[in-house]
Amino acid sequence: MGTRILLLAAVLATTGCVVDSGGDEPLCTPSTCREPNRSQCVVEGDEARCLCDTGYVARPSGACELVSEANCAEHAGDASEPDDCQARARTLVPDGRVNPRSINPIGDLDFFRFEARAGRIYSVTVVPEGGSLLPRVDAFDQGGVWLDAVDGRPRAEMTFKTPTTAPYFLRVSHSPVDISAATGNYVLTFNELGEDDHGDGPDTATRIAPDAFDTVYGRFEYQRDEDWFEFSASTTSQYRLTFEGPSGRVLPVVEVYLASDLRQPLFTRRNPIVDFTVPAGGTAFLVMYLPDGGQGSYGFTFLE
């Protein structure tokens with residue numbers, strides 16, 4: 001199972017400092033965040049998180065450093081400079097508007113900040129305009145935790161989901177895949193695509209029941225998307241998943257889990273027809289994803 005949410009939670013514990021609320025006490029209190037230059041307390045997913053103070057930037061070491069030219073370069077370039085770190089990011093609105101910018105001089109970084117909504121999917125496209133620029137886009141959460149990246153070939157297109165309502169950041173740079181030290185102009189467009197069609201974990205799984213006349217449709221809407229489905233399982237039943245094919249449909253990997261053990265799947269298969277039984281009754285989950293982390297639509301029937 002690619003439970004990326006668990007991986008992200010592990011990363012958050014080191015960068016941005018997730019703090020245990022300690023029961024029924026308020027999540028954010030004057031004493032919650034005590035580290036030097038990290039006294040800003042925010043609530044994410046019912047947990048308190050400590051962020052760098054205003055005017056400070058999170059470093060890979062985890063320390064919060066005062067913003068300076070050493071960690072946030074200042075140089076000539078387009079009208080948005082200086083914008084080489086999160087603390088100086090330019091506001092971006094997901095309205096599809098064209099945003100012309102440039103990577104100049106060599107090594108320039110362009111940061112953008114936007115206000116995300118929990119469970120929403122966003123799409124960013126960066127198209128180079130002349131020059132030798134091969135753009136790269138990286139996404140970060142408000143604590144500086146890296147979420148995803150795409151390198152242009154030559155345009156860079158990335159679709160991603162934001163798990164919490166909070167500020168998020170995008171960074172455009174010249175791709176390290178290209179060994180040349182390139183600069184150039186580009187155009188960035190940014191859109192909100194809506195909610196994920198099916199949840200990415202047991203708490204947000206779509207409830208389904210075996211029905212010969214009901215086709216369940218879904219789409220892997222962003223890189224490494226997972227779709228979770230919940231059903232009531234019985235040890236006396238034989239289950240069958242039949243996927244529609246091909247006509248533009250993708251064939252996902254299927255994993256089945258019991259609610260009592262979400263770490264180890266009962267099996268993993270990728271076939272047009274998947275037959276299975278379960279060793280114990282109760283709540284069970286179907287988890288579907290593409291092995292290459294790609295995108296695409298699918299449809300299936302679920303029979304008992």
# chains A, B, ... in the order shown; residues from 1 in each chain; ligands from 1
>>> residues_around(residues="Leu51 of chain A", least_positions_apart="2", cutoff="8 Å", atoms="only C-alpha atoms", output="list in words")
Gly16, Cys17, Arg38, Ser39, Gln40, Cys41, Val42, Arg49, Asp53, Gln142 and Gly143 of chain A
>>> write_last_selection(atoms="N, CA and C atoms", output="mmCIF file, in the first residue's frame")
data_model
loop_
_atom_site.group_PDB
_atom_site.id
_atom_site.type_symbol
_atom_site.label_atom_id
_atom_site.label_comp_id
_atom_site.auth_asym_id
_atom_site.auth_seq_id
_atom_site.Cartn_x
_atom_site.Cartn_y
_atom_site.Cartn_z
ATOM 1 N N GLY A 16 8.956 21.533 11.229
ATOM 2 C CA GLY A 16 7.718 22.209 11.567
ATOM 3 C C GLY A 16 7.208 21.789 12.929
ATOM 4 N N CYS A 17 7.751 20.734 13.504
ATOM 5 C CA CYS A 17 7.458 20.332 14.881
ATOM 6 C C CYS A 17 5.980 20.140 15.177
ATOM 7 N N ARG A 38 10.920 29.882 16.694
ATOM 8 C CA ARG A 38 9.848 29.010 16.213
ATOM 9 C C ARG A 38 8.691 29.062 17.209
ATOM 10 N N SER A 39 8.083 30.222 17.340
ATOM 11 C CA SER A 39 7.012 30.401 18.320
ATOM 12 C C SER A 39 5.638 30.531 17.681
ATOM 13 N N GLN A 40 5.581 30.428 16.354
ATOM 14 C CA GLN A 40 4.305 30.540 15.657
ATOM 15 C C GLN A 40 3.569 29.192 15.716
ATOM 16 N N CYS A 41 2.402 29.176 16.346
ATOM 17 C CA CYS A 41 1.644 27.932 16.511
ATOM 18 C C CYS A 41 0.434 27.932 15.591
ATOM 19 N N VAL A 42 0.277 26.851 14.831
ATOM 20 C CA VAL A 42 -0.886 26.675 13.961
ATOM 21 C C VAL A 42 -1.469 25.295 14.219
ATOM 22 N N ARG A 49 1.149 22.664 15.498
ATOM 23 C CA ARG A 49 2.410 22.620 14.768
ATOM 24 C C ARG A 49 3.142 23.944 14.956
ATOM 25 N N ASP A 53 9.094 31.914 13.060
ATOM 26 C CA ASP A 53 8.522 33.241 13.236
ATOM 27 C C ASP A 53 8.568 34.025 11.924
ATOM 28 N N GLN A 142 3.394 24.648 4.545
ATOM 29 C CA GLN A 142 3.767 25.908 5.177
ATOM 30 C C GLN A 142 4.964 25.802 6.119
ATOM 31 N N GLY A 143 5.317 24.593 6.504
ATOM 32 C CA GLY A 143 6.491 24.405 7.345
ATOM 33 C C GLY A 143 7.751 24.115 6.555
#
>>> select_by_dssp(residues="segment 78-117 of chain A", states="strand (DSSP E)", output="list in words")
Arg90, Thr91, Asn99, Pro100, Arg101, Ser102, Ile103, Asp110, Phe111, Phe112, Arg113, Phe114, Glu115 and Ala116 of chain A
>>> closest_residue(among="A:Ala284, A:Ser123, A:Asp138, A:Gly144", to="Ser61 of chain A", atoms="only C-alpha atoms")
A:Gly144
>>> atom_distance(atom1="atom CA of Arg155 of chain A", atom2="atom CA of Val253 of chain A")
29.0 Å
>>> residues_around(residues="Asp95 of chain A", least_positions_apart="6", cutoff="12 Å", atoms="only C-alpha atoms", output="list in words")
Phe114, Tyr122, Ser123, Val124, Leu188, Thr189, Phe190, Asn191, Glu192 and Leu193 of chain A
>>> decode(residues="segment 251-271 of chain A", atoms="N, CA, C and O atoms", output="PDB file, in the first residue's frame")
ATOM      1  N   LEU A 251      -5.979   0.284 -15.740  1.00  0.00           N
ATOM      2  CA  LEU A 251      -6.175  -0.885 -14.889  1.00  0.00           C
ATOM      3  C   LEU A 251      -5.362  -0.701 -13.621  1.00  0.00           C
ATOM      4  O   LEU A 251      -4.129  -0.768 -13.642  1.00  0.00           O
ATOM      5  N   PRO A 252      -6.013  -0.443 -12.494  1.00  0.00           N
ATOM      6  CA  PRO A 252      -5.262  -0.172 -11.264  1.00  0.00           C
ATOM      7  C   PRO A 252      -4.799  -1.437 -10.557  1.00  0.00           C
ATOM      8  O   PRO A 252      -5.320  -2.535 -10.780  1.00  0.00           O
ATOM      9  N   VAL A 253      -3.834  -1.263  -9.694  1.00  0.00           N
ATOM     10  CA  VAL A 253      -3.465  -2.290  -8.725  1.00  0.00           C
ATOM     11  C   VAL A 253      -4.529  -2.292  -7.639  1.00  0.00           C
ATOM     12  O   VAL A 253      -5.026  -1.237  -7.230  1.00  0.00           O
ATOM     13  N   VAL A 254      -4.908  -3.488  -7.162  1.00  0.00           N
ATOM     14  CA  VAL A 254      -5.915  -3.622  -6.106  1.00  0.00           C
ATOM     15  C   VAL A 254      -5.278  -4.288  -4.894  1.00  0.00           C
ATOM     16  O   VAL A 254      -4.613  -5.331  -5.012  1.00  0.00           O
ATOM     17  N   GLU A 255      -5.474  -3.685  -3.730  1.00  0.00           N
ATOM     18  CA  GLU A 255      -5.083  -4.299  -2.469  1.00  0.00           C
ATOM     19  C   GLU A 255      -6.312  -4.369  -1.573  1.00  0.00           C
ATOM     20  O   GLU A 255      -7.158  -3.473  -1.604  1.00  0.00           O
ATOM     21  N   VAL A 256      -6.408  -5.435  -0.779  1.00  0.00           N
ATOM     22  CA  VAL A 256      -7.524  -5.604   0.153  1.00  0.00           C
ATOM     23  C   VAL A 256      -6.972  -5.680   1.568  1.00  0.00           C
ATOM     24  O   VAL A 256      -6.011  -6.409   1.840  1.00  0.00           O
ATOM     25  N   TYR A 257      -7.593  -4.894   2.455  1.00  0.00           N
ATOM     26  CA  TYR A 257      -7.181  -4.849   3.850  1.00  0.00           C
ATOM     27  C   TYR A 257      -8.371  -5.100   4.758  1.00  0.00           C
ATOM     28  O   TYR A 257      -9.499  -4.718   4.436  1.00  0.00           O
ATOM     29  N   LEU A 258      -8.107  -5.727   5.890  1.00  0.00           N
ATOM     30  CA  LEU A 258      -9.082  -5.769   6.964  1.00  0.00           C
ATOM     31  C   LEU A 258      -8.861  -4.555   7.856  1.00  0.00           C
ATOM     32  O   LEU A 258      -7.728  -4.100   8.038  1.00  0.00           O
ATOM     33  N   ALA A 259      -9.951  -4.027   8.430  1.00  0.00           N
ATOM     34  CA  ALA A 259      -9.824  -2.857   9.296  1.00  0.00           C
ATOM     35  C   ALA A 259      -8.929  -3.144  10.496  1.00  0.00           C
ATOM     36  O   ALA A 259      -8.326  -2.226  11.067  1.00  0.00           O
ATOM     37  N   SER A 260      -8.804  -4.402  10.863  1.00  0.00           N
ATOM     38  CA  SER A 260      -7.987  -4.781  12.020  1.00  0.00           C
ATOM     39  C   SER A 260      -6.490  -4.749  11.723  1.00  0.00           C
ATOM     40  O   SER A 260      -5.674  -4.800  12.639  1.00  0.00           O
ATOM     41  N   ASP A 261      -6.112  -4.671  10.441  1.00  0.00           N
ATOM     42  CA  ASP A 261      -4.695  -4.648  10.078  1.00  0.00           C
ATOM     43  C   ASP A 261      -4.523  -3.868   8.772  1.00  0.00           C
ATOM     44  O   ASP A 261      -4.631  -4.431   7.685  1.00  0.00           O
ATOM     45  N   LEU A 262      -4.254  -2.571   8.885  1.00  0.00           N
ATOM     46  CA  LEU A 262      -4.084  -1.729   7.705  1.00  0.00           C
ATOM     47  C   LEU A 262      -2.633  -1.649   7.257  1.00  0.00           C
ATOM     48  O   LEU A 262      -2.318  -0.914   6.309  1.00  0.00           O
ATOM     49  N   ARG A 263      -1.767  -2.409   7.888  1.00  0.00           N
ATOM     50  CA  ARG A 263      -0.357  -2.402   7.492  1.00  0.00           C
ATOM     51  C   ARG A 263      -0.041  -3.462   6.453  1.00  0.00           C
ATOM     52  O   ARG A 263       0.850  -3.279   5.631  1.00  0.00           O
ATOM     53  N   GLN A 264      -0.754  -4.567   6.506  1.00  0.00           N
ATOM     54  CA  GLN A 264      -0.429  -5.688   5.638  1.00  0.00           C
ATOM     55  C   GLN A 264      -1.647  -6.064   4.798  1.00  0.00           C
ATOM     56  O   GLN A 264      -2.673  -6.481   5.335  1.00  0.00           O
ATOM     57  N   PRO A 265      -1.578  -5.935   3.461  1.00  0.00           N
ATOM     58  CA  PRO A 265      -2.729  -6.315   2.634  1.00  0.00           C
ATOM     59  C   PRO A 265      -2.914  -7.828   2.614  1.00  0.00           C
ATOM     60  O   PRO A 265      -1.956  -8.601   2.739  1.00  0.00           O
ATOM     61  N   LEU A 266      -4.172  -8.242   2.445  1.00  0.00           N
ATOM     62  CA  LEU A 266      -4.445  -9.665   2.274  1.00  0.00           C
ATOM     63  C   LEU A 266      -3.854 -10.163   0.960  1.00  0.00           C
ATOM     64  O   LEU A 266      -3.414 -11.302   0.866  1.00  0.00           O
ATOM     65  N   PHE A 267      -3.851  -9.309  -0.046  1.00  0.00           N
ATOM     66  CA  PHE A 267      -3.230  -9.640  -1.328  1.00  0.00           C
ATOM     67  C   PHE A 267      -3.085  -8.357  -2.147  1.00  0.00           C
ATOM     68  O   PHE A 267      -3.694  -7.324  -1.846  1.00  0.00           O
ATOM     69  N   THR A 268      -2.267  -8.440  -3.188  1.00  0.00           N
ATOM     70  CA  THR A 268      -2.080  -7.352  -4.154  1.00  0.00           C
ATOM     71  C   THR A 268      -2.172  -7.947  -5.547  1.00  0.00           C
ATOM     72  O   THR A 268      -1.435  -8.880  -5.874  1.00  0.00           O
ATOM     73  N   ARG A 269      -3.097  -7.418  -6.362  1.00  0.00           N
ATOM     74  CA  ARG A 269      -3.281  -7.967  -7.713  1.00  0.00           C
ATOM     75  C   ARG A 269      -3.562  -6.845  -8.703  1.00  0.00           C
ATOM     76  O   ARG A 269      -4.074  -5.778  -8.339  1.00  0.00           O
ATOM     77  N   ARG A 270      -3.248  -7.139  -9.965  1.00  0.00           N
ATOM     78  CA  ARG A 270      -3.572  -6.209 -11.052  1.00  0.00           C
ATOM     79  C   ARG A 270      -4.063  -7.019 -12.242  1.00  0.00           C
ATOM     80  O   ARG A 270      -3.303  -7.376 -13.141  1.00  0.00           O
ATOM     81  N   ASN A 271      -5.354  -7.333 -12.218  1.00  0.00           N
ATOM     82  CA  ASN A 271      -5.983  -8.138 -13.260  1.00  0.00           C
ATOM     83  C   ASN A 271      -7.326  -7.515 -13.630  1.00  0.00           C
ATOM     84  O   ASN A 271      -7.941  -6.828 -12.803  1.00  0.00           O
TER      85      ASN A 271
END
